$ cat upload-v6.cif   # mmCIF, C-alpha atoms
data_start
#
loop_
_atom_site.label_atom_id
_atom_site.label_comp_id
_atom_site.auth_asym_id
_atom_site.auth_seq_id
_atom_site.Cartn_x
_atom_site.Cartn_y
_atom_site.Cartn_z
CA MET U 28 3.13 -7.92 -31.38
CA ASN U 29 3.31 -10.39 -28.51
CA PRO U 30 -0.03 -10.25 -26.60
CA VAL U 31 1.74 -9.83 -23.24
CA VAL U 32 3.88 -6.96 -24.51
CA ARG U 33 0.80 -5.39 -26.11
CA TRP U 34 -1.08 -5.70 -22.80
CA PHE U 35 1.77 -3.91 -20.97
CA HIS U 36 1.67 -1.14 -23.58
CA GLN U 37 -2.10 -0.83 -23.13
CA LEU U 38 -1.71 -0.72 -19.36
CA GLY U 39 0.42 2.41 -19.76
CA SER U 40 -2.61 4.23 -21.17
CA PRO U 41 -4.27 6.16 -18.27
CA PRO U 42 -7.90 5.35 -19.25
CA TYR U 43 -7.07 1.68 -19.77
CA PHE U 44 -5.25 1.52 -16.41
CA ASP U 45 -8.21 3.23 -14.71
CA ARG U 46 -10.60 0.56 -15.98
CA PHE U 47 -8.13 -2.22 -15.10
CA ALA U 48 -7.58 -0.91 -11.55
CA ALA U 49 -11.31 -0.26 -10.98
CA ARG U 50 -12.00 -3.87 -11.93
CA TRP U 51 -9.19 -5.68 -10.11
CA ALA U 52 -8.61 -3.62 -6.94
CA PRO U 53 -11.81 -4.92 -5.25
CA VAL U 54 -10.82 -8.49 -6.22
CA GLY U 55 -7.45 -8.08 -4.46
CA TYR U 56 -9.09 -6.59 -1.40
CA VAL U 57 -11.78 -9.29 -1.14
CA LEU U 58 -9.41 -12.22 -1.70
CA GLY U 59 -6.88 -10.71 0.71
CA ALA U 60 -9.55 -10.14 3.37
CA LEU U 61 -10.88 -13.70 3.01
CA VAL U 62 -7.46 -15.35 3.23
CA MET U 63 -6.44 -13.13 6.15
CA ALA U 64 -9.75 -13.81 7.92
CA PHE U 65 -9.01 -17.53 7.70
CA GLY U 66 -5.42 -16.93 8.86
CA MET U 67 -6.52 -14.85 11.85
CA TRP U 68 -9.22 -17.35 12.83
CA ALA U 69 -6.70 -20.20 12.72
CA ALA U 70 -4.07 -18.11 14.52
CA LEU U 71 -6.45 -17.18 17.34
CA PHE U 72 -8.53 -20.33 17.77
CA GLN U 73 -6.83 -23.32 16.13
CA VAL U 74 -3.14 -23.08 16.88
CA PRO U 75 -2.05 -24.24 20.37
CA ALA U 76 -0.52 -21.71 22.75
CA ASP U 77 3.26 -21.55 22.93
CA TYR U 78 4.75 -23.41 25.89
CA GLN U 79 6.90 -20.42 26.89
CA GLN U 80 5.09 -17.31 25.62
CA GLY U 81 1.52 -18.49 26.09
CA ASP U 82 -1.04 -16.73 23.91
CA SER U 83 1.15 -13.69 23.31
CA PHE U 84 2.97 -15.57 20.53
CA ARG U 85 -0.24 -15.26 18.45
CA ILE U 86 0.85 -11.68 17.70
CA LEU U 87 3.50 -13.28 15.47
CA TYR U 88 0.82 -14.04 12.85
CA ILE U 89 0.28 -10.36 12.14
CA HIS U 90 3.70 -9.04 13.15
CA VAL U 91 5.86 -11.20 10.89
CA PRO U 92 3.81 -10.87 7.65
CA SER U 93 3.61 -7.09 8.23
CA ALA U 94 7.37 -6.87 8.80
CA TRP U 95 8.04 -8.81 5.60
CA MET U 96 5.61 -6.57 3.72
CA SER U 97 7.24 -3.42 5.10
CA MET U 98 10.52 -4.43 3.47
CA ALA U 99 9.12 -6.09 0.33
CA VAL U 100 6.97 -3.04 -0.49
CA PHE U 101 9.96 -0.74 -0.10
CA ALA U 102 12.02 -2.92 -2.47
CA LEU U 103 9.14 -2.94 -5.00
CA MET U 104 8.77 0.84 -4.67
CA ALA U 105 12.47 1.26 -5.45
CA ILE U 106 12.19 -1.04 -8.49
CA TYR U 107 9.22 0.94 -9.86
CA ALA U 108 11.07 4.20 -9.12
CA ALA U 109 14.18 2.96 -10.95
CA ILE U 110 12.11 1.92 -14.00
CA ALA U 111 10.35 5.29 -13.92
CA LEU U 112 13.64 7.18 -13.72
CA ILE U 113 15.37 5.16 -16.45
CA TRP U 114 12.55 4.70 -18.98
CA ARG U 115 10.31 7.62 -17.91
CA ILE U 116 7.25 5.40 -17.65
CA LYS U 117 4.51 7.44 -15.99
CA LEU U 118 2.61 4.41 -14.72
CA CYS U 119 5.69 3.21 -12.84
CA GLU U 120 5.97 6.63 -11.17
CA ILE U 121 2.35 6.28 -10.08
CA LEU U 122 2.83 2.70 -8.84
CA ALA U 123 6.02 3.63 -6.95
CA MET U 124 4.30 6.47 -5.17
CA ALA U 125 1.24 4.31 -4.45
CA CYS U 126 3.52 1.81 -2.67
CA ALA U 127 4.65 4.38 -0.08
CA PRO U 128 1.51 4.75 2.08
CA ILE U 129 0.83 0.99 2.01
CA GLY U 130 4.40 0.21 3.06
CA ALA U 131 4.18 2.88 5.76
CA ALA U 132 0.97 1.25 7.04
CA PHE U 133 2.63 -2.18 7.26
CA THR U 134 5.69 -0.65 8.95
CA LEU U 135 3.44 1.07 11.47
CA ILE U 136 1.67 -2.25 12.16
CA THR U 137 5.05 -3.95 12.59
CA LEU U 138 6.27 -1.37 15.09
CA ALA U 139 2.99 -1.20 17.02
CA THR U 140 2.43 -4.97 17.25
CA GLY U 141 6.11 -5.50 18.09
CA SER U 142 5.79 -2.97 20.87
CA ILE U 143 2.62 -4.63 22.20
CA TRP U 144 4.36 -8.01 22.04
CA GLY U 145 7.50 -6.63 23.66
CA LYS U 146 5.76 -5.37 26.77
CA PRO U 147 4.83 -8.80 28.22
CA MET U 148 7.93 -10.60 26.83
CA TRP U 149 10.72 -8.04 27.30
CA GLY U 150 9.06 -5.96 30.00
CA THR U 151 9.22 -2.78 27.91
CA TRP U 152 7.22 -1.16 25.12
CA TRP U 153 10.33 0.06 23.31
CA ASP U 154 14.07 -0.43 23.25
CA TRP U 155 16.67 1.21 21.02
CA ASP U 156 17.55 -2.22 19.73
CA PRO U 157 19.12 -2.43 16.20
CA ARG U 158 16.10 -4.22 14.65
CA LEU U 159 13.54 -1.86 16.19
CA THR U 160 15.58 1.24 15.41
CA THR U 161 16.22 0.31 11.77
CA GLU U 162 12.51 -0.51 11.30
CA LEU U 163 11.68 2.92 12.74
CA ILE U 164 14.10 4.51 10.25
CA LEU U 165 12.24 2.60 7.51
CA LEU U 166 8.99 4.25 8.64
CA PHE U 167 10.70 7.66 8.49
CA LEU U 168 11.94 6.88 4.98
CA TYR U 169 8.39 6.01 3.88
CA LEU U 170 7.13 9.25 5.43
CA GLY U 171 9.95 11.10 3.67
CA VAL U 172 8.92 9.66 0.29
CA ILE U 173 5.25 10.56 0.91
CA GLY U 174 6.17 14.06 2.13
CA LEU U 175 8.53 14.77 -0.76
CA TYR U 176 5.98 13.58 -3.33
CA ASN U 177 3.33 15.90 -1.91
CA ALA U 178 5.64 18.86 -1.37
CA ILE U 179 6.35 19.51 -5.08
CA ASP U 180 3.54 20.76 -7.33
CA ASP U 181 4.82 19.21 -10.56
CA ARG U 182 3.74 15.57 -10.17
CA ARG U 183 6.43 14.14 -12.44
CA ALA U 184 9.27 16.12 -10.81
CA ALA U 185 7.87 15.14 -7.40
CA ALA U 186 7.78 11.46 -8.33
CA ARG U 187 11.37 11.60 -9.63
CA ALA U 188 12.65 13.25 -6.42
CA ALA U 189 10.73 10.87 -4.13
CA GLY U 190 11.73 7.89 -6.32
CA LEU U 191 15.39 8.80 -5.90
CA LEU U 192 14.93 8.78 -2.13
CA ALA U 193 13.30 5.34 -2.39
CA ILE U 194 16.23 3.99 -4.44
CA VAL U 195 18.80 5.33 -1.96
CA GLY U 196 16.73 4.00 0.95
CA VAL U 197 16.97 0.42 -0.33
CA ALA U 198 20.41 0.27 1.32
CA LEU U 199 18.57 0.09 4.65
CA LEU U 200 16.83 -3.22 3.84
CA PRO U 201 19.83 -5.56 4.31
CA VAL U 202 20.71 -3.65 7.47
CA ILE U 203 17.22 -4.37 8.87
CA HIS U 204 17.42 -8.01 7.82
CA TYR U 205 20.88 -8.70 9.25
CA SER U 206 20.61 -6.38 12.26
CA VAL U 207 19.86 -9.35 14.54
CA THR U 208 23.00 -11.11 13.27
CA TRP U 209 25.42 -8.20 13.07
CA TRP U 210 24.68 -6.71 16.49
CA ASN U 211 23.82 -8.02 19.92
CA SER U 212 20.07 -7.62 19.61
CA LEU U 213 17.22 -7.99 22.08
CA HIS U 214 15.07 -9.01 19.12
CA GLN U 215 15.14 -12.73 18.41
CA GLY U 216 16.96 -14.10 15.38
CA GLN U 217 15.31 -15.59 12.30
CA THR U 218 13.01 -18.46 13.28
CA ILE U 219 10.88 -18.70 10.14
CA SER U 220 12.18 -19.49 6.70
CA LEU U 221 9.98 -19.81 3.64
CA PHE U 222 12.31 -22.17 1.83
CA GLY U 223 14.64 -23.52 4.52
CA LYS U 224 14.01 -25.18 7.86
CA SER U 225 11.83 -23.21 10.29
CA HIS U 226 12.33 -23.35 14.03
CA MET U 227 8.56 -23.41 14.57
CA ASP U 228 6.43 -26.48 15.03
CA PRO U 229 4.77 -27.40 11.68
CA SER U 230 1.31 -27.25 13.35
CA MET U 231 1.86 -23.51 13.87
CA LEU U 232 2.83 -22.70 10.30
CA PRO U 233 -0.39 -22.87 8.16
CA PRO U 234 -1.97 -19.68 9.59
CA LEU U 235 1.30 -17.88 9.00
CA PHE U 236 1.35 -18.88 5.33
CA ALA U 237 -2.28 -17.77 5.03
CA MET U 238 -1.42 -14.37 6.50
CA ILE U 239 1.61 -14.03 4.22
CA VAL U 240 -0.51 -14.76 1.12
CA GLY U 241 -3.41 -12.63 2.43
CA THR U 242 -1.26 -9.55 3.00
CA LYS U 243 0.16 -9.89 -0.54
CA LEU U 244 -3.34 -10.05 -2.06
CA TRP U 245 -4.47 -7.10 0.07
CA PHE U 246 -1.41 -5.17 -1.10
CA ILE U 247 -2.32 -5.78 -4.75
CA GLY U 248 -5.83 -4.42 -4.12
CA SER U 249 -4.55 -1.41 -2.24
CA LEU U 250 -1.81 -0.68 -4.79
CA LEU U 251 -4.31 -0.66 -7.66
CA ALA U 252 -6.81 1.48 -5.73
CA ARG U 253 -4.18 4.05 -4.72
CA ALA U 254 -2.60 4.10 -8.18
CA ARG U 255 -6.06 4.65 -9.67
CA ALA U 256 -6.65 7.64 -7.37
CA ASP U 257 -3.29 9.20 -8.31
CA ASN U 258 -3.88 8.48 -12.00
CA LEU U 259 -7.24 10.31 -11.82
CA ARG U 260 -5.59 13.19 -9.95
CA ARG U 261 -2.88 13.57 -12.59
CA GLU U 262 -5.32 13.32 -15.46
CA ALA U 263 -7.95 15.65 -13.92
CA GLY U 264 -9.57 17.73 -16.63
CA LYS U 265 -9.17 15.10 -19.34
CA ASP U 266 -12.19 13.92 -21.26
CA TRP U 267 -11.87 10.28 -20.16
CA VAL U 268 -11.90 11.27 -16.45
CA ALA U 269 -15.24 13.02 -16.93
CA ARG U 270 -16.54 9.94 -18.72
CA ALA U 271 -15.26 7.74 -15.87
CA ALA U 272 -17.19 10.01 -13.50
CA GLY U 273 -20.36 8.95 -15.32
CA LEU U 274 -20.88 12.03 -17.47
CA PRO U 275 -22.19 11.53 -21.02
CA ALA U 276 -19.64 12.07 -23.78
CA ARG U 277 -21.01 15.52 -24.81
CA ALA U 278 -21.07 16.87 -21.24
CA ALA U 279 -17.63 15.45 -20.67
CA SER U 280 -16.28 17.27 -23.72
CA ALA U 281 -17.90 20.51 -22.58
CA GLY U 282 -16.10 20.24 -19.26
CA VAL U 283 -12.67 20.04 -20.79
CA PRO U 284 -10.76 23.28 -21.23
CA ARG U 285 -9.12 23.13 -24.65
CA MET F 12 0.06 -16.57 31.13
CA SER F 13 -2.84 -15.59 28.87
CA TYR F 14 -1.80 -12.10 27.73
CA ARG F 15 -5.20 -11.95 26.03
CA GLU F 16 -5.43 -8.13 26.23
CA TYR F 17 -2.10 -7.74 24.40
CA VAL F 18 -3.23 -10.11 21.64
CA ILE F 19 -6.55 -8.24 21.26
CA ALA F 20 -4.76 -4.87 21.15
CA ALA F 21 -2.31 -6.07 18.49
CA TYR F 22 -5.03 -7.55 16.27
CA ALA F 23 -7.12 -4.39 16.73
CA VAL F 24 -4.20 -2.26 15.49
CA PHE F 25 -3.82 -4.55 12.48
CA VAL F 26 -7.51 -4.38 11.56
CA VAL F 27 -7.84 -0.62 12.10
CA VAL F 28 -4.78 0.23 9.97
CA LEU F 29 -5.96 -2.07 7.16
CA LEU F 30 -9.44 -0.53 7.30
CA TRP F 31 -7.84 2.89 6.88
CA ASP F 32 -5.89 1.43 3.94
CA LEU F 33 -9.20 0.30 2.44
CA VAL F 34 -11.12 3.54 2.97
CA ALA F 35 -8.45 6.16 2.13
CA PRO F 36 -7.99 5.36 -1.60
CA ARG F 37 -11.76 4.95 -2.09
CA LEU F 38 -12.28 8.47 -0.71
CA GLN F 39 -9.52 9.81 -2.98
CA VAL F 40 -11.09 8.23 -6.07
CA ARG F 41 -14.52 9.55 -5.09
CA ARG F 42 -13.09 13.06 -4.60
CA GLN F 43 -11.42 13.01 -8.03
CA LEU F 44 -14.58 11.79 -9.78
CA ARG F 45 -16.71 14.40 -7.97
CA GLY F 46 -14.16 17.05 -8.99
CA ALA F 47 -14.54 15.96 -12.62
CA LYS F 48 -18.33 16.30 -12.38
CA LEU F 49 -18.06 19.76 -10.80
CA ARG F 50 -15.63 20.92 -13.48
CA ALA F 51 -18.02 19.75 -16.18
CA ALA F 52 -20.97 21.46 -14.45
CA ARG F 53 -19.00 24.72 -14.10
CA THR F 54 -17.97 24.94 -17.73
CA ALA F 55 -21.12 23.53 -19.35
CA PRO F 56 -23.37 26.67 -18.97
CA ALA F 57 -20.65 28.89 -20.38
CA ALA F 58 -20.51 26.72 -23.47
CA THR F 59 -24.24 26.94 -24.22
CA PRO F 60 -24.47 30.55 -25.63
CA THR F 61 -21.94 29.78 -28.33
CA ASP F 62 -24.39 27.22 -29.73
CA LEU F 63 -26.92 30.00 -30.49
CA PRO F 64 -26.98 31.58 -33.96
CA LEU F 65 -25.40 35.04 -34.16
CA THR F 66 -28.18 37.65 -34.86
CA ARG F 67 -28.80 41.34 -34.11
CA ASP F 68 -32.37 40.68 -32.88
#

$ encode --input "upload-v6.cif" --output "structure tokens"
Amino acid sequence: MNPVVRWFHQLGSPPYFDRFAARWAPVGYVLGALVMAFGMWAALFQVPADYQQGDSFRILYIHVPSAWMSMAVFALMAIYAAIALIWRIKLCEILAMACAPIGAAFTLITLATGSIWGKPMWGTWWDWDPRLTTELILLFLYLGVIGLYNAIDDRRAAARAAGLLAIVGVALLPVIHYSVTWWNSLHQGQTISLFGKSHMDPSMLPPLFAMIVGTKLWFIGSLLARARADNLRREAGKDWVARAAGLPARAASAGVPR
Amino acid sequence: MSYREYVIAAYAVFVVVLLWDLVAPRLQVRRQLRGAKLRAARTAPAATPTDLPLTRD
């Protein structure tokens, strides 16, 4: 068998995934924290102030990467949920449901930092603007997925129901993205493009790229850590969980109801 | 045109939410592993008498 395919098969085994996640989650967190620390230092102390917005534009370096993450994580959650629904892969159910709280956290950051930025620039903390409103709906969708997953006792049925909501919710993503184009929005249009021409001065871009990469690495760490916790929760009572808890093999076997 | 307090508030929100994101799954994992230990401890004494030989003495 192809080594990559074999590795994916192995990853589907709960004990193997537990060891994998326990090993790599801290790596994701540490790398993400280091890259973001550099990004934040450069954003706060290296980049010159904007000629119109002054220092308030520095909020962009956490607001934009968080906004991108809020949508990217939702798309990834829907992909995992679709794979889980079609091929009934338990690990994908776990990964899909682990995406929800992380995506909700990034959406919350987006809304809060946008509000804090809006006060000095727009003169208001909040406006029922299309971009802000659709982002708020995204937060409610995340909360809906989390709530639905925790409301049903059967973990697999819960993941299927919440996964379906995630798949349906994907329709919101293009609406969020194009809301500034389709409607007359208070929110500014797209100024940063990863592959095209950005409307920002090149001297202001490196911290932004660092924050974009840093949030992705952090997400990997958080996804693995949360998926590990859910995996342990689903497998509670199994022999390997007791062994992972540090119990010797004999004690672990004694603790398992057969 | 400094707006320093707004920048500090925004970065504080970012750091606090990410710290929660770091701590929450660690606590969940710890709770699950502690639960596994407690389950083993609860069932282990009940398993011991069956190891003894069956006698009328």

$ residues_around --input "upload-v6.cif" --residues "Ala185 (chain U)" --least-positions-apart "2" --cutoff "10 Å" --atoms "all atoms listed in the file" --output "VMD selection string"
chain U and resid 120 124 172 to 183 187 to 191

$ residues_around --input "upload-v6.cif" --residues "Val40 (chain F)" --least-positions-apart "4" --cutoff "12 Å" --atoms "all atoms listed in the file" --output "PDB file with C-alpha atoms, in the coordinates of the input"
ATOM      1  CA  ASP U  45      -8.210   3.230 -14.710  1.00  0.00           C
ATOM      2  CA  ALA U  48      -7.580  -0.910 -11.550  1.00  0.00           C
ATOM      3  CA  ALA U  49     -11.310  -0.260 -10.980  1.00  0.00           C
ATOM      4  CA  LEU U 251      -4.310  -0.660  -7.660  1.00  0.00           C
ATOM      5  CA  ALA U 252      -6.810   1.480  -5.730  1.00  0.00           C
ATOM      6  CA  ARG U 253      -4.180   4.050  -4.720  1.00  0.00           C
ATOM      7  CA  ALA U 254      -2.600   4.100  -8.180  1.00  0.00           C
ATOM      8  CA  ARG U 255      -6.060   4.650  -9.670  1.00  0.00           C
ATOM      9  CA  ALA U 256      -6.650   7.640  -7.370  1.00  0.00           C
ATOM     10  CA  ASP U 257      -3.290   9.200  -8.310  1.00  0.00           C
ATOM     11  CA  ASN U 258      -3.880   8.480 -12.000  1.00  0.00           C
ATOM     12  CA  LEU U 259      -7.240  10.310 -11.820  1.00  0.00           C
ATOM     13  CA  ARG U 260      -5.590  13.190  -9.950  1.00  0.00           C
ATOM     14  CA  ARG U 261      -2.880  13.570 -12.590  1.00  0.00           C
ATOM     15  CA  ALA U 263      -7.950  15.650 -13.920  1.00  0.00           C
ATOM     16  CA  VAL U 268     -11.900  11.270 -16.450  1.00  0.00           C
ATOM     17  CA  ALA U 271     -15.260   7.740 -15.870  1.00  0.00           C
ATOM     18  CA  ALA U 272     -17.190  10.010 -13.500  1.00  0.00           C
TER      19      ALA U 272
ATOM     20  CA  LEU F  33      -9.200   0.300   2.440  1.00  0.00           C
ATOM     21  CA  VAL F  34     -11.120   3.540   2.970  1.00  0.00           C
ATOM     22  CA  ALA F  35      -8.450   6.160   2.130  1.00  0.00           C
ATOM     23  CA  PRO F  36      -7.990   5.360  -1.600  1.00  0.00           C
ATOM     24  CA  LEU F  44     -14.580  11.790  -9.780  1.00  0.00           C
ATOM     25  CA  ARG F  45     -16.710  14.400  -7.970  1.00  0.00           C
ATOM     26  CA  GLY F  46     -14.160  17.050  -8.990  1.00  0.00           C
ATOM     27  CA  ALA F  47     -14.540  15.960 -12.620  1.00  0.00           C
TER      28      ALA F  47
END

$ closest_atom_pairs --input "upload-v6.cif" --of "chain U" --to "chain F" --cutoff "8 Å" --atoms "all atoms listed in the file" --output "JSON lines"
{"residue": "U:Tyr56", "atom": "CA", "partner": "F:Leu33", "partner_atom": "CA", "distance": 7.9}
{"residue": "U:Gln80", "atom": "CA", "partner": "F:Met12", "partner_atom": "CA", "distance": 7.5}
{"residue": "U:Gly81", "atom": "CA", "partner": "F:Met12", "partner_atom": "CA", "distance": 5.6}
{"residue": "U:Asp82", "atom": "CA", "partner": "F:Ser13", "partner_atom": "CA", "distance": 5.4}
{"residue": "U:Ser83", "atom": "CA", "partner": "F:Tyr14", "partner_atom": "CA", "distance": 5.5}
{"residue": "U:Arg85", "atom": "CA", "partner": "F:Val18", "partner_atom": "CA", "distance": 6.8}
{"residue": "U:Ile86", "atom": "CA", "partner": "F:Val18", "partner_atom": "CA", "distance": 5.9}
{"residue": "U:Ile89", "atom": "CA", "partner": "F:Phe25", "partner_atom": "CA", "distance": 7.1}
{"residue": "U:Ile129", "atom": "CA", "partner": "F:Asp32", "partner_atom": "CA", "distance": 7.0}
{"residue": "U:Ala132", "atom": "CA", "partner": "F:Val28", "partner_atom": "CA", "distance": 6.5}
{"residue": "U:Ile136", "atom": "CA", "partner": "F:Phe25", "partner_atom": "CA", "distance": 6.0}
{"residue": "U:Ala139", "atom": "CA", "partner": "F:Ala21", "partner_atom": "CA", "distance": 7.3}
{"residue": "U:Thr140", "atom": "CA", "partner": "F:Ala21", "partner_atom": "CA", "distance": 5.0}
{"residue": "U:Ile143", "atom": "CA", "partner": "F:Tyr17", "partner_atom": "CA", "distance": 6.1}
{"residue": "U:Trp144", "atom": "CA", "partner": "F:Tyr17", "partner_atom": "CA", "distance": 6.9}
{"residue": "U:Pro147", "atom": "CA", "partner": "F:Tyr14", "partner_atom": "CA", "distance": 7.4}
{"residue": "U:Ser249", "atom": "CA", "partner": "F:Leu33", "partner_atom": "CA", "distance": 6.8}
{"residue": "U:Ala252", "atom": "CA", "partner": "F:Pro36", "partner_atom": "CA", "distance": 5.8}
{"residue": "U:Arg253", "atom": "CA", "partner": "F:Pro36", "partner_atom": "CA", "distance": 5.1}
{"residue": "U:Arg255", "atom": "CA", "partner": "F:Val40", "partner_atom": "CA", "distance": 7.1}
{"residue": "U:Ala256", "atom": "CA", "partner": "F:Val40", "partner_atom": "CA", "distance": 4.7}
{"residue": "U:Leu259", "atom": "CA", "partner": "F:Gln43", "partner_atom": "CA", "distance": 6.3}
{"residue": "U:Arg260", "atom": "CA", "partner": "F:Gln43", "partner_atom": "CA", "distance": 6.1}
{"residue": "U:Ala263", "atom": "CA", "partner": "F:Ala47", "partner_atom": "CA", "distance": 6.7}
{"residue": "U:Gly264", "atom": "CA", "partner": "F:Ala47", "partner_atom": "CA", "distance": 6.6}
{"residue": "U:Val268", "atom": "CA", "partner": "F:Ala47", "partner_atom": "CA", "distance": 6.6}
{"residue": "U:Ala269", "atom": "CA", "partner": "F:Ala47", "partner_atom": "CA", "distance": 5.3}
{"residue": "U:Ala271", "atom": "CA", "partner": "F:Leu44", "partner_atom": "CA", "distance": 7.3}
{"residue": "U:Ala272", "atom": "CA", "partner": "F:Leu44", "partner_atom": "CA", "distance": 4.9}
{"residue": "U:Leu274", "atom": "CA", "partner": "F:Lys48", "partner_atom": "CA", "distance": 7.1}
{"residue": "U:Ala278", "atom": "CA", "partner": "F:Ala51", "partner_atom": "CA", "distance": 6.6}
{"residue": "U:Ala279", "atom": "CA", "partner": "F:Ala51", "partner_atom": "CA", "distance": 6.2}
{"residue": "U:Ala281", "atom": "CA", "partner": "F:Ala55", "partner_atom": "CA", "distance": 5.5}
{"residue": "U:Gly282", "atom": "CA", "partner": "F:Ala51", "partner_atom": "CA", "distance": 3.7}
{"residue": "U:Val283", "atom": "CA", "partner": "F:Ala51", "partner_atom": "CA", "distance": 7.1}

$ closest_residue --input "upload-v6.cif" --among "U:Arg270, U:Lys243, U:Lys265, U:His36" --to "Gly59 (chain U)" --atoms "all atoms listed in the file"
U:Lys243

$ residues_near_point --input "upload-v6.cif" --point "(6.9, 2.3, 7.1)" --cutoff "6 Å" --atoms "all atoms listed in the file" --output "list in words"
Gly130, Ala131, Thr134, Leu135, Leu165, Leu166 and Tyr169 of chain U

$ resolve_selection --input "upload-v6.cif" --expression "the PyMOL selection byres ((chain U and resi 65) around 12)" --output "ChimeraX atom specification"
/U:58-64,66-73,88,233-241

$ resolve_selection --input "upload-v6.cif" --expression "the PyMOL selection byres ((chain U and resi 164) around 12)" --output "count of residues only"
28

$ atom_distance --input "upload-v6.cif" --atom1 "CA of Lys146 (chain U)" --atom2 "CA of Ser212 (chain U)"
16.2 Å

$ resolve_selection --input "upload-v6.cif" --expression "the PyMOL selection byres ((chain U and resi 102-107) around 8)" --output "list of chain:residue names"
U:Met98, U:Ala99, U:Val100, U:Phe101, U:Ala108, U:Ala109, U:Ile110, U:Ala111, U:Cys119, U:Glu120, U:Leu122, U:Ala123, U:Met124, U:Cys126, U:Ala127, U:Gly190, U:Ala193, U:Ile194, U:Val197, U:Leu200

$ atom_distance --input "upload-v6.cif" --atom1 "CA of Asp156 (chain U)" --atom2 "CA of Trp210 (chain U)"
9.0 Å
